[in-house]
Amino acid sequence: MSEPTEVLDEAPPPAEAPQSPPPVRKPVTARATLAGIVVSLLLVIAIVLGSRLLRDFDSALLPYAVATVFLAFGVAYRYTVWVSAPGARRLFKKGFGSFFSAENFRKAPTALPKMIATYLGFQKFLGARSRARWAAHQLIFWGCILAALITFPLTWGWFTFTSGSGSGPGYEMRIWGIKVLGFDSLNILGWLMFHGLDIAAVLVIPGASYFLWRRMKDRGAITGQRFAYDLLPLICLIVISVTGLLLTFSSIFLHGGGYQFLAILHMVSVVFTLIYIPFGKFFHIVQRPAAVGMQLFKYTARQDEQVFACKRCGEPIDTTPYVENLRGTMQDLKLDFNAFVEYCPRCKRVLRGSAYLNHVKKGFK
């Protein structure tokens with residue numbers, strides 16, 4: 001079998017546009033800082049108003065509330081920096097443009113709910129890699145969602161649990177001061193209401209432990225992992241979950257023994273994790289919705305049969321709008337090989353091998 005000899009054609013140079021002075025833009029850091037300050041102030045205002053001017057705010061939860069304000073600043077700051085990069089900016093525009101497109105909704109009205117459920121909620125794309133990884137990720141995902149839905153509103157004073165007798169068993173759940181539910185703490189509903197965070201911890205611990213074990217044993221994971229980026233988030237989740245369960249254990253079986261120390265350890269671990277989220281691996285949680293929009297962008301193009309075929313073998317690569325979007329990204333990044341996107345992965349490998357044989361190995365003969 002003879003070696004392939006094709007080489008990539010160079011992409012035609014873009015037509016020269018008339019020179020104009022670049023627009024004056026604020027430095028990325030300044031814009032990101034401003035965005036972080038604005039989002040943080042909005043959250044502080046929401047906390048004050050949602051807790052009825054702090055009447056429902058629990059001062060014992062102040063460290064957690066302050067950590068969420070830092071979290072809001074960090075997410076807004078990091079997100080602004082992220083979308084300032086050419087590739088991310090294009091993904092952001094195309095993703096959210098498709099996400100909120102009325103035309104896409106008319107073409108496929110059920111596509112967006114399905115993608116939110118399968119891509120964001122149940123993450124079926126992980127199941128194609130490994131069922132064990134998918135199951136572990138689901139445990140972490142739903143455990144963290146449950147914990148966030150309970151912790152954040154409770155920390156901000158948005159909802160409270162009150163008892164007419166002061167010690168139960170009858171309780172009222174109030175949101176923004178409005179009674180929405182009355183329950184008995186001794187029945188199943190009451191138990192679930194008061195132990196929701198324990199349930200979340202039971203979900204998170206096996207999921208995080210699996211990934212921690214995998215990163216200790218899997219050679220592929222060990223090769224490129226970094227402690228602060230890959231291991232620390234898992235350790236934080238386990239510490240938060242274990243200390244939270246120990247608080248319940250202490251109050252029920254030890255009559256409060258060691259509760260104060262465990263409460264401080266739990267608080268420190270939660271505060272650290274909340275502040276760490278925007279600058280570590282957990283930031284992908286914030287990025288994921290834009291990827292859902294990109295999946296919708298590709299799906300609607302397939303419905304219109306806009307499929308781009310490989311220039312060498314004719315096999316379909318992806319949708320035409322997606323390939324054009326990728327070509328535009330490479331041009332934004334000033335990469336000179338944007339024509340490479342017109343070939344399928346197999347043909348790219350063949351063309352790279354051909355270029356090596358013709359231009360590199362040839363020189364050693």
# chains A, B, ... in the order shown; residues from 1 in each chain; ligands from 1
call {"tool": "select_by_dssp", "arguments": {"residues": "range 100-348 of chain A", "states": "strand (DSSP E or B)", "output": "PyMOL selection string"}}
result
chain A and resi 159-162+170-175+178-184+307-309+316-319
call {"tool": "residues_around", "arguments": {"residues": "Gln287 in chain A", "least_positions_apart": "6", "cutoff": "12 Å", "atoms": "only C-alpha atoms", "output": "short mmCIF file (atom, residue, chain, number, x, y, z; two decimals) with N, CA, C and O atoms, in the first residue's frame"}}
result
data_model
loop_
_atom_site.label_atom_id
_atom_site.label_comp_id
_atom_site.auth_asym_id
_atom_site.auth_seq_id
_atom_site.Cartn_x
_atom_site.Cartn_y
_atom_site.Cartn_z
N VAL A 75 -17.31 34.44 39.99
CA VAL A 75 -17.95 33.89 38.78
C VAL A 75 -18.08 34.97 37.71
O VAL A 75 -17.78 34.73 36.54
N ALA A 76 -18.55 36.16 38.11
CA ALA A 76 -18.70 37.24 37.14
C ALA A 76 -17.35 37.65 36.57
O ALA A 76 -17.21 37.90 35.36
N ARG A 78 -14.48 35.82 36.39
CA ARG A 78 -13.91 34.76 35.55
C ARG A 78 -14.69 34.60 34.24
O ARG A 78 -14.11 34.37 33.18
N TYR A 79 -16.01 34.73 34.32
CA TYR A 79 -16.83 34.58 33.11
C TYR A 79 -16.53 35.69 32.12
O TYR A 79 -16.44 35.46 30.91
N THR A 80 -16.35 36.91 32.63
CA THR A 80 -16.02 38.04 31.74
C THR A 80 -14.67 37.83 31.08
O THR A 80 -14.51 38.09 29.88
N TRP A 82 -13.28 34.93 30.55
CA TRP A 82 -13.44 33.79 29.64
C TRP A 82 -14.03 34.21 28.31
O TRP A 82 -13.51 33.87 27.25
N VAL A 83 -15.13 34.96 28.33
CA VAL A 83 -15.79 35.34 27.08
C VAL A 83 -15.02 36.42 26.33
O VAL A 83 -15.39 36.76 25.20
N ALA A 88 -13.87 31.60 22.98
CA ALA A 88 -14.96 31.54 23.95
C ALA A 88 -16.05 32.55 23.61
O ALA A 88 -17.24 32.28 23.80
N ARG A 89 -15.65 33.72 23.11
CA ARG A 89 -16.64 34.73 22.76
C ARG A 89 -17.55 34.24 21.63
O ARG A 89 -18.77 34.44 21.66
N LEU A 91 -18.16 31.05 20.92
CA LEU A 91 -18.98 29.99 21.51
C LEU A 91 -20.13 30.60 22.30
O LEU A 91 -21.28 30.14 22.22
N PHE A 92 -19.83 31.64 23.07
CA PHE A 92 -20.85 32.29 23.88
C PHE A 92 -21.96 32.88 23.01
O PHE A 92 -23.15 32.68 23.26
N GLY A 95 -23.76 29.99 21.12
CA GLY A 95 -24.47 29.13 22.05
C GLY A 95 -25.72 29.78 22.59
O GLY A 95 -26.83 29.24 22.48
N PHE A 96 -25.57 30.97 23.17
CA PHE A 96 -26.73 31.63 23.75
C PHE A 96 -27.64 32.21 22.68
O PHE A 96 -28.84 32.38 22.91
N LEU A 120 -27.53 18.70 30.26
CA LEU A 120 -27.22 19.34 31.54
C LEU A 120 -27.60 18.46 32.72
O LEU A 120 -26.83 18.31 33.66
N PRO A 278 -14.88 29.63 41.33
CA PRO A 278 -14.67 30.35 40.06
C PRO A 278 -13.28 30.18 39.47
O PRO A 278 -13.08 30.43 38.28
N LYS A 281 -11.62 23.84 38.86
CA LYS A 281 -12.28 22.96 37.91
C LYS A 281 -13.80 23.10 37.94
O LYS A 281 -14.47 22.84 36.94
N GLY A 293 -26.21 25.41 24.25
CA GLY A 293 -26.62 26.23 23.11
C GLY A 293 -25.91 25.83 21.84
O GLY A 293 -26.51 25.81 20.75
N MET A 294 -24.63 25.49 21.94
CA MET A 294 -23.88 25.05 20.75
C MET A 294 -24.42 23.72 20.24
O MET A 294 -24.51 23.50 19.02
#
call {"tool": "closest_residue", "arguments": {"among": "A:Ile252, A:Ala201, A:Leu154, A:Val286", "to": "Leu61 in chain A", "atoms": "only C-alpha atoms"}}
result
A:Leu154
call {"tool": "residues_around", "arguments": {"residues": "range 185-192 of chain A", "least_positions_apart": "4", "cutoff": "10 Å", "atoms": "only C-alpha atoms", "output": "list in words"}}
result
Ser167, Gly168, Pro169, Gly170, Tyr171, Glu172, Gly196, Leu197, Asp198 and Ile199 of chain A
call {"tool": "atom_distance", "arguments": {"atom1": "CA of Ile264 in chain A", "atom2": "CA of Thr243 in chain A"}}
result
9.6 Å
call {"tool": "residues_around", "arguments": {"residues": "Leu71 in chain A", "least_positions_apart": "2", "cutoff": "8 Å", "atoms": "only C-alpha atoms", "output": "PyMOL selection string"}}
result
chain A and resi 67-69+73-75+274-278
call {"tool": "write_last_selection", "arguments": {"atoms": "N, CA, C and O atoms", "output": "short mmCIF file (atom, residue, chain, number, x, y, z; two decimals), in the first residue's frame"}}
result
data_model
loop_
_atom_site.label_atom_id
_atom_site.label_comp_id
_atom_site.auth_asym_id
_atom_site.auth_seq_id
_atom_site.Cartn_x
_atom_site.Cartn_y
_atom_site.Cartn_z
N ALA A 67 -19.24 34.37 51.86
CA ALA A 67 -18.58 33.52 50.87
C ALA A 67 -19.36 33.49 49.56
O ALA A 67 -18.76 33.47 48.47
N THR A 68 -20.71 33.51 49.62
CA THR A 68 -21.48 33.52 48.39
C THR A 68 -21.32 34.84 47.64
O THR A 68 -21.38 34.86 46.41
N VAL A 69 -21.11 35.93 48.37
CA VAL A 69 -20.86 37.22 47.70
C VAL A 69 -19.52 37.17 46.97
O VAL A 69 -19.41 37.62 45.82
N PHE A 73 -18.80 37.42 42.89
CA PHE A 73 -17.76 38.26 42.28
C PHE A 73 -16.84 37.42 41.41
O PHE A 73 -16.52 37.78 40.28
N GLY A 74 -16.40 36.27 41.95
CA GLY A 74 -15.45 35.44 41.21
C GLY A 74 -16.05 34.88 39.93
O GLY A 74 -15.38 34.85 38.89
N VAL A 75 -17.31 34.44 39.99
CA VAL A 75 -17.95 33.89 38.78
C VAL A 75 -18.08 34.97 37.71
O VAL A 75 -17.78 34.73 36.54
N LEU A 274 -16.46 27.53 48.21
CA LEU A 274 -17.25 28.53 47.50
C LEU A 274 -16.35 29.58 46.85
O LEU A 274 -16.59 30.01 45.71
N ILE A 275 -15.32 30.00 47.57
CA ILE A 275 -14.40 30.99 47.01
C ILE A 275 -13.54 30.37 45.91
O ILE A 275 -13.16 31.04 44.94
N TYR A 276 -13.27 29.07 46.03
CA TYR A 276 -12.41 28.39 45.06
C TYR A 276 -13.12 28.10 43.73
O TYR A 276 -12.49 28.03 42.68
N ILE A 277 -14.45 27.96 43.76
CA ILE A 277 -15.21 27.52 42.59
C ILE A 277 -14.89 28.30 41.32
O ILE A 277 -14.63 27.70 40.27
N PRO A 278 -14.88 29.63 41.33
CA PRO A 278 -14.67 30.35 40.06
C PRO A 278 -13.28 30.18 39.47
O PRO A 278 -13.08 30.43 38.28
#
call {"tool": "closest_residue", "arguments": {"among": "A:Gly220, A:Pro86, A:Gly244, A:Gly280", "to": "Gly328 in chain A", "atoms": "only C-alpha atoms"}}
result
A:Pro86
call {"tool": "atom_distance", "arguments": {"atom1": "CA of Gly87 in chain A", "atom2": "CA of Cys310 in chain A"}}
result
22.7 Å
